[in-house]
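Structure file work_26.cif; described as mmCIF, C-alpha atoms.
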data_data
#
loop_
_atom_site.label_atom_id
_atom_site.label_comp_id
_atom_site.auth_asym_id
_atom_site.auth_seq_id
_atom_site.Cartn_x
_atom_site.Cartn_y
_atom_site.Cartn_z
CA MET A 1 -92.22 136.49 38.02
CA GLN A 2 -93.76 136.84 41.47
CA ALA A 3 -92.14 135.17 44.48
CA ALA A 4 -92.37 135.29 48.28
CA VAL A 5 -88.94 136.37 49.53
CA TRP A 6 -87.75 136.04 53.17
CA TYR A 7 -85.62 138.95 54.40
CA ALA A 8 -85.88 138.45 58.16
CA ALA A 9 -88.31 137.18 60.80
CA LYS A 10 -91.73 138.74 60.15
CA ASP A 11 -90.36 140.26 56.92
CA LEU A 12 -91.67 138.18 54.01
CA ARG A 13 -92.31 140.11 50.80
CA VAL A 14 -94.13 139.16 47.61
CA GLU A 15 -92.12 140.83 44.87
CA GLN A 16 -90.94 140.60 41.29
CA VAL A 17 -87.82 138.48 40.73
CA SER A 18 -86.09 137.09 37.66
CA VAL A 19 -87.33 133.82 36.20
CA PRO A 20 -84.66 131.19 36.96
CA THR A 21 -82.83 129.43 34.15
CA ILE A 22 -81.20 126.02 33.82
CA SER A 23 -77.41 126.19 34.26
CA ASP A 24 -76.53 122.50 34.70
CA PRO A 25 -77.28 119.57 32.32
CA HIS A 26 -78.93 117.63 35.18
CA GLU A 27 -81.32 120.42 36.16
CA VAL A 28 -85.08 120.63 35.70
CA LYS A 29 -87.28 123.72 35.45
CA VAL A 30 -90.72 123.40 37.03
CA LYS A 31 -93.82 125.56 36.77
CA VAL A 32 -95.22 125.49 40.31
CA ALA A 33 -98.86 124.44 40.59
CA ALA A 34 -99.36 124.14 44.36
CA CYS A 35 -97.18 124.78 47.42
CA GLY A 36 -98.04 124.17 51.06
CA ILE A 37 -97.03 126.34 54.01
CA CYS A 38 -95.03 124.13 56.37
CA GLY A 39 -94.49 124.34 60.11
CA SER A 40 -90.81 124.91 59.35
CA ASP A 41 -91.78 127.86 57.15
CA LEU A 42 -93.83 129.22 60.03
CA HIS A 43 -90.87 128.90 62.43
CA GLU A 44 -88.67 130.80 59.96
CA TYR A 45 -91.29 133.51 59.57
CA ALA A 46 -91.95 133.88 63.29
CA ALA A 47 -88.49 133.38 64.80
CA GLY A 48 -85.96 132.58 62.06
CA PRO A 49 -83.41 132.12 60.77
CA ILE A 50 -83.18 128.39 61.48
CA PHE A 51 -82.35 126.76 58.15
CA ILE A 52 -82.22 130.01 56.19
CA PRO A 53 -78.57 131.00 55.62
CA VAL A 54 -77.77 134.48 56.91
CA GLY A 55 -74.33 136.08 56.82
CA LYS A 56 -72.77 133.54 54.48
CA PRO A 57 -74.08 131.47 51.55
CA HIS A 58 -75.32 127.93 51.96
CA PRO A 59 -72.55 125.58 50.74
CA ILE A 60 -74.80 123.80 48.24
CA SER A 61 -77.20 126.50 47.03
CA GLY A 62 -74.54 129.21 47.09
CA GLU A 63 -77.19 131.68 48.29
CA GLN A 64 -78.05 133.49 51.50
CA ALA A 65 -80.97 135.64 52.65
CA PRO A 66 -82.97 137.14 51.11
CA ILE A 67 -84.20 133.83 49.67
CA ILE A 68 -87.38 132.54 48.04
CA MET A 69 -89.40 130.31 50.40
CA GLY A 70 -91.57 127.24 49.80
CA HIS A 71 -90.46 123.60 49.90
CA GLU A 72 -93.73 121.58 49.87
CA PHE A 73 -94.70 121.73 46.23
CA ALA A 74 -95.62 120.09 42.98
CA GLY A 75 -95.77 121.30 39.42
CA GLU A 76 -95.16 120.63 35.74
CA VAL A 77 -91.78 120.17 34.07
CA VAL A 78 -91.37 122.90 31.44
CA GLU A 79 -87.68 122.50 30.57
CA ILE A 80 -84.91 119.95 31.18
CA GLY A 81 -81.14 119.92 30.95
CA GLU A 82 -79.53 117.89 28.16
CA LYS A 83 -78.51 115.02 30.50
CA VAL A 84 -81.78 114.66 32.42
CA THR A 85 -83.22 111.14 32.20
CA ARG A 86 -85.73 110.89 35.07
CA VAL A 87 -88.40 113.18 33.63
CA LYS A 88 -89.43 114.88 30.40
CA VAL A 89 -91.18 118.15 29.54
CA GLY A 90 -94.86 117.91 30.44
CA ASP A 91 -94.40 115.49 33.34
CA ARG A 92 -96.19 116.27 36.59
CA VAL A 93 -93.81 116.07 39.54
CA ALA A 94 -93.56 116.29 43.32
CA ILE A 95 -90.39 117.89 44.62
CA GLU A 96 -88.07 116.32 47.21
CA PRO A 97 -86.39 119.56 48.35
CA ILE A 98 -83.40 118.24 50.30
CA LEU A 99 -80.10 119.96 49.53
CA SER A 100 -77.36 117.36 50.05
CA PRO A 101 -74.16 116.58 48.15
CA ASN A 102 -75.06 115.30 44.68
CA LYS A 103 -73.44 114.47 41.39
CA ASP A 104 -74.75 113.65 37.92
CA GLY A 105 -78.39 113.75 39.00
CA ALA A 106 -78.10 111.64 42.15
CA TYR A 107 -77.53 112.12 45.87
CA GLN A 108 -74.06 110.94 46.88
CA MET A 109 -74.90 109.73 50.41
CA GLU A 110 -77.12 106.75 51.22
CA ARG A 111 -78.52 108.66 54.22
CA TYR A 112 -78.50 111.95 52.36
CA ASN A 113 -80.73 113.69 54.91
CA LEU A 114 -77.98 113.38 57.53
CA THR A 115 -75.32 115.38 55.73
CA PRO A 116 -73.67 118.17 57.79
CA LEU A 117 -74.45 120.38 54.79
CA LEU A 118 -78.20 119.72 55.00
CA GLY A 119 -80.43 122.38 53.51
CA PHE A 120 -83.76 122.63 51.72
CA HIS A 121 -84.79 124.12 48.41
CA GLY A 122 -87.15 126.87 49.53
CA LEU A 123 -85.44 127.35 52.91
CA SER A 124 -81.73 127.46 52.14
CA GLY A 125 -81.60 129.26 48.82
CA GLY A 126 -81.65 128.03 45.24
CA GLY A 127 -85.26 129.03 44.60
CA GLY A 128 -88.50 127.84 46.11
CA GLY A 129 -92.10 126.83 45.64
CA PHE A 130 -93.60 130.19 46.58
CA SER A 131 -92.87 131.38 43.04
CA GLU A 132 -94.11 130.81 39.52
CA PHE A 133 -91.06 128.83 38.35
CA THR A 134 -88.10 127.19 40.03
CA VAL A 135 -85.09 125.09 38.99
CA MET A 136 -83.59 122.09 40.81
CA GLY A 137 -81.54 118.98 40.15
CA GLU A 138 -83.28 115.98 38.61
CA HIS A 139 -82.53 113.94 41.76
CA MET A 140 -85.10 116.14 43.51
CA VAL A 141 -88.08 115.42 41.24
CA HIS A 142 -90.48 112.47 41.38
CA LYS A 143 -93.13 111.78 38.76
CA LEU A 144 -96.66 112.07 40.13
CA PRO A 145 -99.03 109.19 39.33
CA ASP A 146 -101.81 110.30 37.00
CA ASP A 147 -104.47 109.80 39.67
CA LEU A 148 -102.85 112.21 42.16
CA SER A 149 -103.62 115.93 41.87
CA PHE A 150 -101.04 118.72 42.10
CA GLU A 151 -102.49 119.58 45.50
CA GLN A 152 -101.97 116.00 46.60
CA GLY A 153 -98.45 116.26 45.19
CA ALA A 154 -97.76 119.25 47.42
CA LEU A 155 -98.57 117.04 50.42
CA VAL A 156 -95.98 114.39 49.54
CA GLU A 157 -93.22 116.31 51.34
CA PRO A 158 -94.94 116.63 54.75
CA ALA A 159 -96.31 113.10 54.43
CA ALA A 160 -92.74 111.90 53.85
CA VAL A 161 -91.72 113.44 57.20
CA ALA A 162 -94.50 111.51 58.94
CA LEU A 163 -93.81 108.23 57.17
CA HIS A 164 -90.07 108.49 57.84
CA ALA A 165 -90.79 109.13 61.54
CA VAL A 166 -92.92 106.02 61.82
CA ARG A 167 -90.51 103.87 59.79
CA GLN A 168 -87.60 104.98 62.00
CA SER A 169 -89.53 104.17 65.17
CA CYS A 170 -89.69 100.77 66.88
CA LEU A 171 -93.44 100.50 66.23
CA LYS A 172 -94.74 97.14 65.01
CA ALA A 173 -98.16 96.13 63.72
CA GLY A 174 -100.55 95.86 66.64
CA ASP A 175 -98.69 98.37 68.83
CA SER A 176 -100.13 101.51 70.43
CA ALA A 177 -98.99 105.07 69.79
CA ALA A 178 -99.66 108.62 70.95
CA VAL A 179 -99.23 111.65 68.70
CA PHE A 180 -98.71 114.94 70.53
CA GLY A 181 -100.01 117.70 68.25
CA ALA A 182 -102.61 117.30 65.52
CA GLY A 183 -101.33 119.88 63.08
CA PRO A 184 -100.40 118.84 59.53
CA ILE A 185 -97.45 116.63 60.47
CA GLY A 186 -99.30 115.18 63.46
CA LEU A 187 -102.32 114.27 61.33
CA MET A 188 -100.06 112.73 58.71
CA THR A 189 -98.22 110.79 61.44
CA ILE A 190 -101.60 109.37 62.42
CA GLU A 191 -102.13 108.28 58.82
CA ALA A 192 -98.64 106.74 58.67
CA LEU A 193 -99.34 104.88 61.92
CA LYS A 194 -102.55 103.50 60.45
CA ALA A 195 -100.66 102.35 57.37
CA ALA A 196 -98.05 100.70 59.63
CA GLY A 197 -100.72 98.73 61.49
CA ALA A 198 -100.92 100.52 64.84
CA ALA A 199 -103.81 99.04 66.79
CA GLN A 200 -104.51 102.02 69.07
CA ILE A 201 -103.68 105.62 68.22
CA TYR A 202 -104.17 108.52 70.63
CA ALA A 203 -103.91 112.19 69.68
CA VAL A 204 -103.17 115.00 72.14
CA GLU A 205 -104.54 118.35 70.97
CA VAL A 206 -106.32 121.46 72.27
CA ALA A 207 -107.65 123.17 69.11
CA PRO A 208 -111.27 122.07 68.44
CA SER A 209 -110.91 121.86 64.65
CA ARG A 210 -107.72 119.81 64.89
CA LYS A 211 -109.27 117.55 67.53
CA ALA A 212 -112.15 116.95 65.14
CA LYS A 213 -109.79 116.06 62.30
CA ALA A 214 -107.83 113.67 64.51
CA GLU A 215 -111.07 111.98 65.60
CA ALA A 216 -112.21 111.73 61.98
CA LEU A 217 -109.00 109.84 61.23
CA GLY A 218 -109.92 107.28 63.88
CA THR A 219 -107.95 108.35 66.96
CA THR A 220 -108.95 108.74 70.59
CA VAL A 221 -108.31 112.40 71.41
CA VAL A 222 -107.01 113.65 74.76
CA ASP A 223 -107.33 117.36 75.55
CA PRO A 224 -104.68 118.62 78.02
CA GLN A 225 -107.03 121.43 79.02
CA GLN A 226 -109.52 118.87 80.30
CA ASP A 227 -107.37 115.96 81.54
CA ASP A 228 -103.96 115.18 82.96
CA VAL A 229 -102.49 113.91 79.69
CA VAL A 230 -100.06 111.40 81.20
CA GLU A 231 -102.61 109.90 83.58
CA LYS A 232 -105.23 109.70 80.84
CA LEU A 233 -102.92 108.05 78.33
CA GLN A 234 -101.55 105.63 80.90
CA ALA A 235 -105.13 104.65 81.81
CA LEU A 236 -106.40 104.40 78.23
CA SER A 237 -103.45 102.32 77.07
CA GLY A 238 -103.24 100.07 80.11
CA GLY A 239 -99.90 101.27 81.41
CA GLY A 240 -98.45 103.43 78.66
CA VAL A 241 -98.13 103.48 74.88
CA ASP A 242 -95.43 101.70 72.92
CA VAL A 243 -94.32 104.82 71.02
CA ALA A 244 -95.03 108.54 71.50
CA PHE A 245 -94.45 111.05 68.71
CA GLU A 246 -93.72 114.65 69.76
CA VAL A 247 -94.88 117.02 67.02
CA THR A 248 -95.37 120.36 68.81
CA GLY A 249 -91.95 121.77 69.69
CA ILE A 250 -93.25 122.72 73.17
CA PRO A 251 -90.89 121.82 76.07
CA ALA A 252 -93.63 120.71 78.48
CA VAL A 253 -95.07 118.43 75.82
CA LEU A 254 -91.75 116.62 75.43
CA ASN A 255 -92.01 115.52 79.06
CA GLN A 256 -95.64 114.49 78.61
CA ALA A 257 -94.67 112.36 75.63
CA LEU A 258 -91.86 110.75 77.60
CA HIS A 259 -94.06 109.88 80.59
CA SER A 260 -96.90 108.58 78.40
CA THR A 261 -94.82 105.56 77.33
CA HIS A 262 -94.48 102.32 79.27
CA GLU A 263 -91.24 100.78 80.53
CA GLY A 264 -89.03 100.22 77.50
CA GLY A 265 -91.14 102.57 75.39
CA GLU A 266 -89.89 105.03 72.81
CA VAL A 267 -90.28 108.75 72.14
CA VAL A 268 -89.71 110.04 68.61
CA VAL A 269 -89.05 113.79 68.39
CA VAL A 270 -90.32 115.08 65.05
CA SER A 271 -90.51 118.83 65.73
CA ILE A 272 -88.08 121.52 64.69
CA TRP A 273 -87.46 123.55 67.87
CA GLU A 274 -87.05 127.29 68.39
CA GLY A 275 -85.31 126.83 71.76
CA GLU A 276 -84.07 124.32 74.32
CA ALA A 277 -86.14 121.75 76.22
CA SER A 278 -85.24 119.77 79.35
CA PHE A 279 -86.12 116.38 80.77
CA HIS A 280 -84.79 114.29 83.64
CA PRO A 281 -82.42 111.58 82.34
CA ASN A 282 -83.67 109.20 85.04
CA ASP A 283 -87.02 109.15 83.25
CA LEU A 284 -85.16 107.41 80.44
CA VAL A 285 -82.71 105.40 82.54
CA ILE A 286 -84.92 103.88 85.22
CA LYS A 287 -87.66 102.90 82.76
CA GLU A 288 -85.21 101.89 79.98
CA ARG A 289 -87.01 104.18 77.58
CA THR A 290 -85.52 105.40 74.30
CA MET A 291 -85.67 108.87 72.77
CA LYS A 292 -84.67 109.58 69.20
CA GLY A 293 -84.96 112.39 66.72
CA ILE A 294 -85.70 112.34 63.00
CA ILE A 295 -84.97 114.96 60.35
CA ALA A 296 -86.90 115.14 57.11
CA TYR A 297 -86.88 111.82 55.18
CA ARG A 298 -84.95 109.69 52.74
CA HIS A 299 -85.99 107.17 50.09
CA VAL A 300 -89.71 107.40 50.95
CA TYR A 301 -91.33 109.51 48.21
CA PRO A 302 -92.37 106.49 46.10
CA ALA A 303 -93.87 104.81 49.19
CA VAL A 304 -95.77 107.98 50.14
CA MET A 305 -97.28 108.29 46.67
CA ALA A 306 -98.22 104.59 46.65
CA LEU A 307 -100.01 105.07 50.00
CA MET A 308 -101.75 108.16 48.64
CA GLN A 309 -103.08 106.04 45.79
CA ARG A 310 -104.57 103.74 48.45
CA GLY A 311 -106.34 106.66 50.16
CA TYR A 312 -103.87 107.76 52.83
CA PHE A 313 -102.80 111.40 53.41
CA ARG A 314 -105.84 112.77 51.58
CA ALA A 315 -105.86 116.46 50.74
CA GLU A 316 -109.50 116.73 51.80
CA ASP A 317 -108.48 115.66 55.32
CA MET A 318 -105.61 118.14 55.58
CA VAL A 319 -106.19 121.28 53.51
CA THR A 320 -108.24 123.99 55.21
CA GLN A 321 -107.57 126.94 52.91
CA ARG A 322 -106.34 127.74 49.41
CA ILE A 323 -104.88 131.17 48.67
CA PRO A 324 -103.09 133.03 45.86
CA LEU A 325 -99.42 133.89 46.28
CA ALA A 326 -100.23 137.59 46.58
CA ASP A 327 -102.07 136.93 49.88
CA ILE A 328 -99.45 134.64 51.44
CA VAL A 329 -98.46 136.92 54.33
CA GLU A 330 -101.84 137.88 55.80
CA GLU A 331 -103.98 134.96 54.63
CA GLY A 332 -101.20 132.40 54.96
CA PHE A 333 -98.51 132.95 57.59
CA GLU A 334 -100.43 135.32 59.84
CA ALA A 335 -103.53 133.14 59.62
CA LEU A 336 -101.55 130.08 60.73
CA LEU A 337 -100.03 131.99 63.63
CA ASN A 338 -103.34 133.36 64.86
CA ASP A 339 -105.99 130.83 63.87
CA LYS A 340 -105.53 127.27 65.16
CA ALA A 341 -108.51 126.18 63.07
CA GLN A 342 -106.14 126.22 60.10
CA VAL A 343 -104.22 123.04 59.33
CA LYS A 344 -102.68 123.06 55.86
CA ILE A 345 -102.85 126.13 53.62
CA ILE A 346 -102.07 125.64 49.93
CA VAL A 347 -100.64 128.52 47.92
CA THR A 348 -101.02 128.81 44.15
CA PRO A 349 -98.69 131.17 42.22
#
Any chance you could give the structure as structure tokens?
Amino acid sequence: MQAAVWYAAKDLRVEQVSVPTISDPHEVKVKVAACGICGSDLHEYAAGPIFIPVGKPHPISGEQAPIIMGHEFAGEVVEIGEKVTRVKVGDRVAIEPILSPNKDGAYQMERYNLTPLLGFHGLSGGGGGFSEFTVMGEHMVHKLPDDLSFEQGALVEPAAVALHAVRQSCLKAGDSAAVFGAGPIGLMTIEALKAAGAAQIYAVEVAPSRKAKAEALGTTVVDPQQDDVVEKLQALSGGGVDVAFEVTGIPAVLNQALHSTHEGGEVVVVSIWEGEASFHPNDLVIKERTMKGIIAYRHVYPAVMALMQRGYFRAEDMVTQRIPLADIVEEGFEALLNDKAQVKIIVTP
């Protein structure tokens, strides 16, 4: 079968690999129907390895680079192990790609995303969604409702990041929030904030197409090329927002997010970073602000799909291009690096 295999930064190759087979009674084999290119994928392509194991195998997948990429995907179950109970052949599924200690078809930790062994199917070995078929444990598959498309199913993973970020924040219905960065996760954070009852949502973005998408979702957009972001947000919100979400991975933006909140406000760091960032601790201490980070998600896939059935996280609001696997390097990764008009690109094997 064809698969996109990561060898090193800027070295992603579409090549022929063996079709994976089931080796454990709790495993499921999936024919991939749609897989999104994630910001984390882009970081690995541009400046990795970050999550990709190099030099020694990942303790759960048992693999190291070169590895098949792709962790935002959905597909059809084509084979199951003899002890699988969650799905059957023919089921349409969205994949929860977290690699965390598991046994007999279930994660072993309540907060399984916080394991020291954290990895991701499609980033840390074990197969991936940028391929025709892949195999994973049954604890990683969730049945798609009949009224959600495979493309919508491929968006469950990034939407889960956004929903987890909002659920882990201190935001309450009626509060105000600012989202720094209107890429895929930023736009989905806006949607999660709407679902959570935020009364005012501001988006900070420079790319015209992403600004337009953020406005279409009902936000007030602030462009840092035109305004002093902190002053503008402080003025618009009447003294600062309740919660700011940092979704860019840019050091200067972290400070903007921090200063955009009021006394006692909160900053939630959602980005995966390529390097260090600094801030003055007094900006937390003197204003009694809080800063917290989130990684991935846990126990939210059913909630995400239920919200999708109510019209949140719509593919038509997020997907800007659809490409075949053969074109993933130039039309996918390079396009995302060089064209900020792109938001979410969906790959079909």
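Closest approach to Asp41 (chain A) from the set A:Asp283, A:Asp317, A:Glu72, A:Glu231 is made by A:Glu72, with distances taken over all atoms listed in the file.
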Just say which residues the PyMOL selection byres ((chain A and resi 24-37) around 7) picks in this file, as a PDB file with C-alpha atoms, in the coordinates of the input.
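Generated file (selection-v4.pdb):
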ATOM      1  CA  ILE A  22     -81.200 126.020  33.820  1.00  0.00           C
ATOM      2  CA  SER A  23     -77.410 126.190  34.260  1.00  0.00           C
ATOM      3  CA  CYS A  38     -95.030 124.130  56.370  1.00  0.00           C
ATOM      4  CA  GLY A  39     -94.490 124.340  60.110  1.00  0.00           C
ATOM      5  CA  ASP A  41     -91.780 127.860  57.150  1.00  0.00           C
ATOM      6  CA  GLY A  70     -91.570 127.240  49.800  1.00  0.00           C
ATOM      7  CA  GLU A  72     -93.730 121.580  49.870  1.00  0.00           C
ATOM      8  CA  PHE A  73     -94.700 121.730  46.230  1.00  0.00           C
ATOM      9  CA  ALA A  74     -95.620 120.090  42.980  1.00  0.00           C
ATOM     10  CA  GLY A  75     -95.770 121.300  39.420  1.00  0.00           C
ATOM     11  CA  GLU A  76     -95.160 120.630  35.740  1.00  0.00           C
ATOM     12  CA  VAL A  77     -91.780 120.170  34.070  1.00  0.00           C
ATOM     13  CA  VAL A  78     -91.370 122.900  31.440  1.00  0.00           C
ATOM     14  CA  GLU A  79     -87.680 122.500  30.570  1.00  0.00           C
ATOM     15  CA  ILE A  80     -84.910 119.950  31.180  1.00  0.00           C
ATOM     16  CA  GLY A  81     -81.140 119.920  30.950  1.00  0.00           C
ATOM     17  CA  GLU A  82     -79.530 117.890  28.160  1.00  0.00           C
ATOM     18  CA  LYS A  83     -78.510 115.020  30.500  1.00  0.00           C
ATOM     19  CA  VAL A  84     -81.780 114.660  32.420  1.00  0.00           C
ATOM     20  CA  ASP A 104     -74.750 113.650  37.920  1.00  0.00           C
ATOM     21  CA  GLY A 105     -78.390 113.750  39.000  1.00  0.00           C
ATOM     22  CA  GLY A 129     -92.100 126.830  45.640  1.00  0.00           C
ATOM     23  CA  PHE A 130     -93.600 130.190  46.580  1.00  0.00           C
ATOM     24  CA  SER A 131     -92.870 131.380  43.040  1.00  0.00           C
ATOM     25  CA  GLU A 132     -94.110 130.810  39.520  1.00  0.00           C
ATOM     26  CA  PHE A 133     -91.060 128.830  38.350  1.00  0.00           C
ATOM     27  CA  THR A 134     -88.100 127.190  40.030  1.00  0.00           C
ATOM     28  CA  VAL A 135     -85.090 125.090  38.990  1.00  0.00           C
ATOM     29  CA  MET A 136     -83.590 122.090  40.810  1.00  0.00           C
ATOM     30  CA  GLY A 137     -81.540 118.980  40.150  1.00  0.00           C
ATOM     31  CA  GLU A 138     -83.280 115.980  38.610  1.00  0.00           C
ATOM     32  CA  PHE A 150    -101.040 118.720  42.100  1.00  0.00           C
ATOM     33  CA  GLU A 151    -102.490 119.580  45.500  1.00  0.00           C
ATOM     34  CA  ALA A 154     -97.760 119.250  47.420  1.00  0.00           C
ATOM     35  CA  LYS A 344    -102.680 123.060  55.860  1.00  0.00           C
ATOM     36  CA  ILE A 345    -102.850 126.130  53.620  1.00  0.00           C
ATOM     37  CA  ILE A 346    -102.070 125.640  49.930  1.00  0.00           C
ATOM     38  CA  VAL A 347    -100.640 128.520  47.920  1.00  0.00           C
ATOM     39  CA  THR A 348    -101.020 128.810  44.150  1.00  0.00           C
ATOM     40  CA  PRO A 349     -98.690 131.170  42.220  1.00  0.00           C
TER      41      PRO A 349
END
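The closest residue to Glu15 (chain A), picked from A:Val343, A:Ala326, A:Met188, A:Ala257 and counting all atoms listed in the file, is A:Ala326.
Atom to atom, CA of Lys10 (chain A) and CA of Pro184 (chain A) stand 21.7 Å apart.
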Hits of the PyMOL selection byres ((chain A and resi 173) around 8) in this structure, as an MDAnalysis selection string: chainID A and resid 171:172 174:175 196:199
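Residues surrounding Met1 (chain A) within 7 Å are Gln16, Val17, Ser18, Val19 and Glu132 of chain A [only C-alpha atoms; sequence separation below 6 positions excluded].
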Distance criterion (only C-alpha atoms): nearest to Leu163 (chain A) out of A:Ile185, A:Val267, A:Leu148, A:Leu117: A:Ile185
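Between CA of Leu187 (chain A) and CA of Met318 (chain A) lies a distance of 7.7 Å.
With all atoms listed in the file as the atoms that count, the minimum distance from Phe279 (chain A) to the choices A:Pro251, A:Gly239, A:Gly265, A:Pro20 is reached by A:Pro251.
Distance check against Asn113 (chain A) using all atoms listed in the file: of A:Lys340, A:Arg210, A:Lys232, A:Arg298, the minimum falls on A:Arg298.
Closest approach to Leu144 (chain A) from the set A:Gln225, A:Gln309, A:Thr85, A:Gln342 is made by A:Gln309, with distances taken over only C-alpha atoms.
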Distance query Tyr312 (chain A) at most 9 Å, only C-alpha atoms, self and fewer than 2 positions along chain excluded, as a PyMOL selection string: chain A and resi 188+191-192+194-195+304+306-310+314
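Distance-wise, CA of Ser209 (chain A) and CA of Val221 (chain A) end up 11.9 Å apart.
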Result set of the PyMOL selection byres ((chain A and resi 47-62) around 7) on the coordinates above, as a list of chain:residue names: A:Ala9, A:His43, A:Glu44, A:Tyr45, A:Ala46, A:Glu63, A:Gln64, A:Ala65, A:Leu99, A:Leu117, A:Gly119, A:Leu123, A:Ser124, A:Gly125, A:Gly126
